[in-house]
$ cat final.txt   # compact mmCIF, C-alpha atoms
# COMPACT_ATOMS: atom_id res chain seq x y z
CA MET A 1 84.83 -106.75 -14.50
CA GLN A 2 83.46 -107.66 -11.08
CA GLN A 3 83.67 -111.36 -11.90
CA ARG A 4 87.28 -111.05 -12.99
CA LEU A 5 88.09 -109.00 -9.92
CA GLY A 6 86.45 -111.60 -7.66
CA TYR A 7 84.42 -108.95 -5.86
CA HIS A 8 80.86 -107.64 -6.30
CA PHE A 9 80.16 -104.07 -5.26
CA GLY A 10 77.30 -103.09 -3.03
CA ASP A 11 77.68 -99.54 -4.34
CA GLU A 12 78.38 -99.80 -8.06
CA ALA A 13 78.86 -96.03 -8.27
CA LEU A 14 82.24 -96.62 -6.62
CA LEU A 15 83.16 -99.08 -9.36
CA GLU A 16 82.12 -96.58 -12.03
CA GLN A 17 84.18 -93.85 -10.40
CA ALA A 18 87.21 -96.14 -10.13
CA LEU A 19 87.03 -96.74 -13.88
CA THR A 20 86.69 -93.04 -14.80
CA HIS A 21 89.89 -91.25 -15.80
CA ARG A 22 90.27 -87.57 -14.98
CA SER A 23 89.97 -86.74 -18.70
CA ALA A 24 86.34 -87.95 -18.73
CA PRO A 25 83.37 -86.01 -17.30
CA GLY A 26 82.03 -86.82 -13.84
CA PRO A 27 83.72 -87.99 -10.62
CA ASN A 28 87.13 -89.43 -11.51
CA ASN A 29 89.39 -92.00 -9.90
CA GLU A 30 92.27 -89.84 -8.62
CA ARG A 31 91.24 -89.89 -4.95
CA LEU A 32 90.47 -93.61 -5.09
CA GLU A 33 93.87 -94.19 -6.67
CA PHE A 34 95.54 -92.48 -3.69
CA LEU A 35 93.64 -94.69 -1.25
CA GLY A 36 94.19 -97.91 -3.18
CA ASP A 37 97.92 -97.24 -3.50
CA SER A 38 98.22 -97.00 0.30
CA VAL A 39 96.23 -100.18 0.98
CA LEU A 40 98.08 -102.11 -1.73
CA ASN A 41 101.49 -101.13 -0.37
CA PHE A 42 100.54 -102.18 3.14
CA VAL A 43 99.06 -105.54 2.13
CA ILE A 44 102.00 -106.44 -0.11
CA ALA A 45 104.46 -105.33 2.58
CA ALA A 46 102.73 -107.63 5.07
CA GLU A 47 102.75 -110.52 2.59
CA VAL A 48 106.46 -110.31 1.74
CA PHE A 49 107.29 -109.78 5.43
CA ALA A 50 105.52 -113.06 6.27
CA ARG A 51 106.93 -114.99 3.31
CA ARG A 52 110.57 -113.92 3.74
CA PRO A 53 111.23 -114.14 7.51
CA GLY A 54 115.00 -113.82 7.09
CA ALA A 55 114.98 -110.85 4.72
CA ARG A 56 116.29 -107.46 5.79
CA GLU A 57 114.52 -104.15 5.27
CA GLY A 58 116.23 -103.36 1.97
CA GLU A 59 115.33 -106.70 0.40
CA LEU A 60 111.73 -106.42 1.65
CA SER A 61 111.46 -102.95 0.14
CA ARG A 62 112.76 -104.19 -3.22
CA LEU A 63 110.36 -107.13 -3.17
CA ARG A 64 107.43 -104.83 -2.50
CA ALA A 65 108.55 -102.34 -5.17
CA ASN A 66 108.89 -105.17 -7.68
CA LEU A 67 105.24 -106.10 -7.13
CA VAL A 68 103.59 -102.68 -6.95
CA ASN A 69 105.49 -100.67 -9.58
CA LYS A 70 103.74 -99.23 -12.62
CA ALA A 71 104.82 -102.00 -14.98
CA SER A 72 103.54 -104.75 -12.66
CA LEU A 73 100.23 -102.96 -12.11
CA ALA A 74 99.79 -102.40 -15.85
CA ARG A 75 100.46 -106.08 -16.50
CA LEU A 76 97.87 -106.96 -13.88
CA ALA A 77 95.39 -104.57 -15.54
CA ARG A 78 95.90 -106.28 -18.89
CA THR A 79 95.31 -109.68 -17.30
CA LEU A 80 91.98 -108.35 -16.03
CA GLY A 81 91.13 -106.81 -19.40
CA LEU A 82 90.76 -103.52 -17.58
CA GLY A 83 91.57 -101.19 -20.48
CA ALA A 84 88.27 -101.88 -22.23
CA HIS A 85 86.32 -100.71 -19.17
CA ILE A 86 88.10 -97.41 -18.44
CA ARG A 87 86.12 -94.25 -19.27
CA LEU A 88 88.37 -91.72 -21.01
CA GLY A 89 87.96 -88.25 -22.46
CA GLY A 90 88.12 -87.74 -26.22
CA GLY A 91 91.78 -86.74 -26.28
CA GLU A 92 92.93 -89.81 -24.37
CA LEU A 93 90.75 -92.06 -26.52
CA LYS A 94 92.36 -90.74 -29.69
CA THR A 95 95.88 -91.31 -28.35
CA GLY A 96 95.18 -94.86 -27.11
CA GLY A 97 95.01 -94.02 -23.41
CA HIS A 98 93.34 -97.35 -22.61
CA ARG A 99 96.66 -99.04 -23.48
CA ARG A 100 98.93 -96.66 -21.57
CA ASP A 101 100.74 -98.18 -18.57
CA SER A 102 100.21 -95.16 -16.33
CA ILE A 103 96.44 -95.08 -16.89
CA LEU A 104 96.11 -98.84 -16.45
CA ALA A 105 98.18 -98.85 -13.26
CA ASP A 106 96.23 -95.95 -11.76
CA ALA A 107 92.95 -97.71 -12.53
CA VAL A 108 94.06 -100.86 -10.67
CA GLU A 109 94.90 -98.78 -7.59
CA ALA A 110 91.59 -96.92 -7.88
CA LEU A 111 89.71 -100.23 -8.07
CA LEU A 112 91.38 -101.39 -4.88
CA GLY A 113 90.51 -98.10 -3.20
CA ALA A 114 86.89 -98.58 -4.25
CA VAL A 115 86.85 -102.13 -2.87
CA TYR A 116 88.23 -100.84 0.42
CA LEU A 117 85.49 -98.21 0.73
CA ASP A 118 82.76 -100.63 -0.34
CA GLY A 119 83.71 -103.73 1.63
CA GLY A 120 86.38 -102.76 4.15
CA PHE A 121 89.97 -103.77 4.69
CA GLU A 122 89.52 -107.56 4.78
CA ALA A 123 87.60 -107.55 1.51
CA CYS A 124 90.34 -105.46 -0.11
CA ARG A 125 93.08 -107.62 1.35
CA GLY A 126 91.37 -110.71 -0.08
CA VAL A 127 91.17 -109.21 -3.55
CA ILE A 128 94.84 -108.21 -3.48
CA ALA A 129 95.92 -111.64 -2.22
CA SER A 130 93.93 -113.31 -5.01
CA LEU A 131 95.27 -111.04 -7.76
CA TYR A 132 98.84 -111.46 -6.57
CA GLN A 133 98.68 -115.12 -5.59
CA GLU A 134 100.99 -116.48 -8.32
CA TRP A 135 103.52 -113.67 -7.90
CA LEU A 136 103.58 -114.04 -4.12
CA GLU A 137 104.14 -117.78 -4.41
CA ASP A 138 107.07 -117.22 -6.78
CA LEU A 139 108.93 -114.28 -5.27
CA PRO A 140 112.26 -113.48 -6.94
CA GLU A 141 115.50 -114.34 -5.20
CA ARG A 142 117.74 -111.62 -3.78
CA GLY A 143 120.01 -111.44 -6.83
CA GLU A 144 117.06 -111.09 -9.20
CA LEU A 145 115.86 -107.98 -7.36
CA LYS A 146 118.77 -105.87 -8.60
CA ASP A 147 117.85 -103.73 -11.57
CA PRO A 148 119.45 -104.55 -14.96
CA LYS A 149 121.81 -101.55 -14.91
CA THR A 150 123.22 -102.62 -11.54
CA ARG A 151 123.59 -106.24 -12.65
CA LEU A 152 125.31 -105.19 -15.88
CA GLN A 153 127.71 -102.96 -13.97
CA GLU A 154 128.58 -105.79 -11.56
CA TYR A 155 129.01 -108.22 -14.46
CA LEU A 156 131.48 -105.91 -16.23
CA GLN A 157 133.36 -104.95 -13.06
CA SER A 158 133.83 -108.60 -12.12
CA ARG A 159 135.59 -109.10 -15.47
CA ARG A 160 137.62 -105.88 -15.18
CA LEU A 161 135.79 -104.32 -18.11
CA PRO A 162 134.87 -100.62 -18.36
CA LEU A 163 131.35 -99.51 -17.47
CA PRO A 164 128.81 -99.10 -20.28
CA ASP A 165 127.80 -95.81 -21.86
CA TYR A 166 124.12 -94.88 -22.29
CA GLU A 167 122.96 -92.45 -24.96
CA VAL A 168 119.48 -91.26 -25.93
CA VAL A 169 119.42 -91.76 -29.70
CA ASP A 170 115.79 -90.81 -30.37
CA ILE A 171 112.76 -89.25 -28.66
CA GLN A 172 109.39 -89.75 -30.33
CA GLY A 173 105.90 -88.44 -29.64
CA ARG A 174 104.46 -85.37 -27.98
CA SER A 175 105.72 -83.97 -24.69
CA HIS A 176 102.98 -85.68 -22.64
CA ASP A 177 103.40 -89.07 -24.34
CA GLN A 178 107.04 -89.53 -25.33
CA THR A 179 108.95 -92.66 -26.25
CA PHE A 180 112.70 -92.78 -25.57
CA VAL A 181 115.21 -94.91 -27.49
CA VAL A 182 118.45 -95.48 -25.59
CA CYS A 183 121.61 -97.17 -26.80
CA CYS A 184 123.86 -99.03 -24.34
CA ARG A 185 127.45 -99.54 -25.52
CA VAL A 186 130.35 -101.58 -24.19
CA ASP A 187 133.13 -100.26 -26.39
CA ARG A 188 135.80 -102.75 -25.28
CA LEU A 189 133.59 -105.59 -26.53
CA GLU A 190 132.25 -103.67 -29.53
CA LEU A 191 128.73 -104.42 -28.39
CA ALA A 192 125.63 -102.23 -28.35
CA SER A 193 121.99 -102.77 -27.49
CA GLU A 194 118.82 -100.69 -27.56
CA GLY A 195 115.99 -100.12 -25.13
CA VAL A 196 112.66 -98.41 -25.83
CA ALA A 197 110.31 -97.11 -23.11
CA ASP A 198 108.18 -94.19 -22.00
CA SER A 199 110.98 -92.71 -19.88
CA ARG A 200 114.74 -92.39 -20.24
CA ARG A 201 115.35 -94.40 -17.05
CA ARG A 202 113.22 -97.34 -18.17
CA ALA A 203 114.74 -97.27 -21.65
CA GLU A 204 118.21 -97.46 -20.09
CA GLN A 205 117.11 -100.42 -17.97
CA ARG A 206 115.78 -102.25 -21.00
CA ALA A 207 118.95 -101.56 -22.97
CA ALA A 208 120.99 -102.90 -20.04
CA GLN A 209 118.78 -106.00 -19.86
CA GLU A 210 119.33 -106.69 -23.55
CA MET A 211 123.09 -106.20 -23.13
CA LEU A 212 123.12 -108.63 -20.21
CA ALA A 213 121.26 -111.21 -22.29
CA ARG A 214 123.85 -110.91 -25.07
CA LEU A 215 126.78 -111.20 -22.69
CA GLU A 216 125.29 -114.18 -20.87
CA ARG A 217 124.76 -116.09 -24.09
CA GLY A 218 128.32 -115.30 -25.22
CA ASP A 219 127.36 -112.93 -28.02
CA THR A 220 130.53 -111.06 -29.01
CA GLN A 221 129.22 -109.89 -32.38
CA SER A 222 128.83 -106.14 -32.66
CA GLY A 223 125.24 -105.07 -32.11
CA ASP A 224 125.92 -101.43 -32.88
CA PRO A 225 122.84 -100.00 -34.63
CA ASP A 226 125.13 -97.63 -36.57
CA ARG A 227 127.22 -100.39 -38.06
$ encode --input "final.txt" --output "structure tokens"
Amino acid sequence: MQQRLGYHFGDEALLEQALTHRSAPGPNNERLEFLGDSVLNFVIAAEVFARRPGAREGELSRLRANLVNKASLARLARTLGLGAHIRLGGGELKTGGHRRDSILADAVEALLGAVYLDGGFEACRGVIASLYQEWLEDLPERGELKDPKTRLQEYLQSRRLPLPDYEVVDIQGRSHDQTFVVCCRVDRLELASEGVADSRRRAEQRAAQEMLARLERGDTQSGDPDR
């Protein structure tokens, strides 16, 4: 893990704590997560500020959010193979907690907090810059920063079409680990798409993204799951 992270700890107890979820016995990573989140946000804010000198505050905020949100952190964790190293309690192990985005994202932030305590700010900044190098060198353009629901709304409005309707068609799993299935419909075009995610908001975004993809490739065939 230290080799993949590009940092070797002087105090390996910090690394162990960073990889311990609150469901497992012993010191857990919640406090380190809080610290790492703060350092990560600052470093990424400084990076996008330097790389986009003409960008306004709103664009800079969206760039930062795009890089430090839960989905991006979970993807980073999977690149590092982090899930296999996280210590979990029995309940989380049985429900596949090592694959869950929230647990993976929190562990990345905790790792960064541990690096900060072990090696200081410059060491932590170097790790973040290395982990994010490819993403920082290929920052999305302004139009790409808009979320799929906003882009779909603008697409439809520009063609004088009614706005889409979103409906939760299924909720699966227990209350602490639910999966939402959302249908996005554009009735005028007789089109529908589905999105699946661990929250209603993200499921709506994924359904909107799928609808956009269909519209942009000229798909006018009904995608209604009920038809």
$ closest_residue --input "final.txt" --among "A:Gln133, A:Asp118, A:Asp106, A:Thr79" --to "Ala13 in chain A" --atoms "only C-alpha atoms"
A:Asp118
$ closest_residue --input "final.txt" --among "A:Cys183, A:Leu111, A:Lys70, A:Val39" --to "Gln2 in chain A" --atoms "all atoms listed in the file"
A:Leu111
$ residues_around --input "final.txt" --residues "Ala46 in chain A" --least-positions-apart "6" --cutoff "10 Å" --atoms "only C-alpha atoms" --output "ChimeraX atom specification"
/A:40,60,64
$ residues_around --input "final.txt" --residues "range 98-102 of chain A" --least-positions-apart "3" --cutoff "9 Å" --atoms "all atoms listed in the file" --output "CSV table (one decimal) with C-alpha atoms, in the frame of the given file"
chain,number,residue,atom,x,y,z
A,70,LYS,CA,103.7,-99.2,-12.6
A,71,ALA,CA,104.8,-102.0,-15.0
A,73,LEU,CA,100.2,-103.0,-12.1
A,74,ALA,CA,99.8,-102.4,-15.8
A,75,ARG,CA,100.5,-106.1,-16.5
A,77,ALA,CA,95.4,-104.6,-15.5
A,78,ARG,CA,95.9,-106.3,-18.9
A,82,LEU,CA,90.8,-103.5,-17.6
A,83,GLY,CA,91.6,-101.2,-20.5
A,84,ALA,CA,88.3,-101.9,-22.2
A,85,HIS,CA,86.3,-100.7,-19.2
A,86,ILE,CA,88.1,-97.4,-18.4
A,87,ARG,CA,86.1,-94.2,-19.3
A,88,LEU,CA,88.4,-91.7,-21.0
A,92,GLU,CA,92.9,-89.8,-24.4
A,93,LEU,CA,90.8,-92.1,-26.5
A,95,THR,CA,95.9,-91.3,-28.4
A,105,ALA,CA,98.2,-98.8,-13.3
A,106,ASP,CA,96.2,-96.0,-11.8
A,107,ALA,CA,93.0,-97.7,-12.5
$ residues_around --input "final.txt" --residues "Thr20 in chain A" --least-positions-apart "4" --cutoff "10 Å" --atoms "all atoms listed in the file" --output "ChimeraX atom specification"
/A:14-16,24-30,85-89,107,110
$ axis_aligned_box --input "final.txt" --around "range 100-106 of chain A" --padding-each-side "5 Å" --output "JSON"
{"center_x": 98.4, "center_y": -97.0, "center_z": -16.7, "size_x": 14.6, "size_y": 13.8, "size_z": 19.8}
$ closest_residue --input "final.txt" --among "A:Glu210, A:Asp11, A:Glu47, A:Glu194" --to "Val169 in chain A" --atoms "all atoms listed in the file"
A:Glu194
$ atom_distance --input "final.txt" --atom1 "CA of Arg51 in chain A" --atom2 "CA of Phe121 in chain A"
20.4 Å
$ closest_residue --input "final.txt" --among "A:Leu104, A:Ala207, A:Ala197, A:Val115" --to "Tyr166 in chain A" --atoms "only C-alpha atoms"
A:Ala207
$ residues_near_point --input "final.txt" --point "(131.2, -102.2, -21.2)" --cutoff "9 Å" --atoms "all atoms listed in the file" --output "PDB file with C-alpha atoms, in the coordinates of the input"
ATOM      1  CA  LEU A 152     125.310-105.190 -15.880  1.00  0.00           C
ATOM      2  CA  GLN A 153     127.710-102.960 -13.970  1.00  0.00           C
ATOM      3  CA  LEU A 156     131.480-105.910 -16.230  1.00  0.00           C
ATOM      4  CA  GLN A 157     133.360-104.950 -13.060  1.00  0.00           C
ATOM      5  CA  LEU A 161     135.790-104.320 -18.110  1.00  0.00           C
ATOM      6  CA  PRO A 162     134.870-100.620 -18.360  1.00  0.00           C
ATOM      7  CA  LEU A 163     131.350 -99.510 -17.470  1.00  0.00           C
ATOM      8  CA  PRO A 164     128.810 -99.100 -20.280  1.00  0.00           C
ATOM      9  CA  ASP A 165     127.800 -95.810 -21.860  1.00  0.00           C
ATOM     10  CA  CYS A 184     123.860 -99.030 -24.340  1.00  0.00           C
ATOM     11  CA  ARG A 185     127.450 -99.540 -25.520  1.00  0.00           C
ATOM     12  CA  VAL A 186     130.350-101.580 -24.190  1.00  0.00           C
ATOM     13  CA  ASP A 187     133.130-100.260 -26.390  1.00  0.00           C
ATOM     14  CA  ARG A 188     135.800-102.750 -25.280  1.00  0.00           C
ATOM     15  CA  LEU A 189     133.590-105.590 -26.530  1.00  0.00           C
ATOM     16  CA  GLU A 190     132.250-103.670 -29.530  1.00  0.00           C
ATOM     17  CA  LEU A 191     128.730-104.420 -28.390  1.00  0.00           C
TER      18      LEU A 191
END
$ closest_residue --input "final.txt" --among "A:Leu212, A:Cys124, A:Leu136, A:Val43" --to "Arg151 in chain A" --atoms "all atoms listed in the file"
A:Leu212
$ residues_around --input "final.txt" --residues "Trp135 in chain A" --least-positions-apart "5" --cutoff "10 Å" --atoms "all atoms listed in the file" --output "number ranges by chain"
A: 67, 129, 140
$ write_last_selection --input "final.txt" --atoms "C-alpha atoms" --output "short mmCIF file (atom, residue, chain, number, x, y, z; two decimals), in the frame of the given file"
data_model
loop_
_atom_site.label_atom_id
_atom_site.label_comp_id
_atom_site.auth_asym_id
_atom_site.auth_seq_id
_atom_site.Cartn_x
_atom_site.Cartn_y
_atom_site.Cartn_z
CA LEU A 67 105.24 -106.10 -7.13
CA ALA A 129 95.92 -111.64 -2.22
CA PRO A 140 112.26 -113.48 -6.94
#
$ closest_residue --input "final.txt" --among "A:Ala45, A:Leu117, A:Ala50, A:Glu122" --to "Phe9 in chain A" --atoms "all atoms listed in the file"
A:Leu117
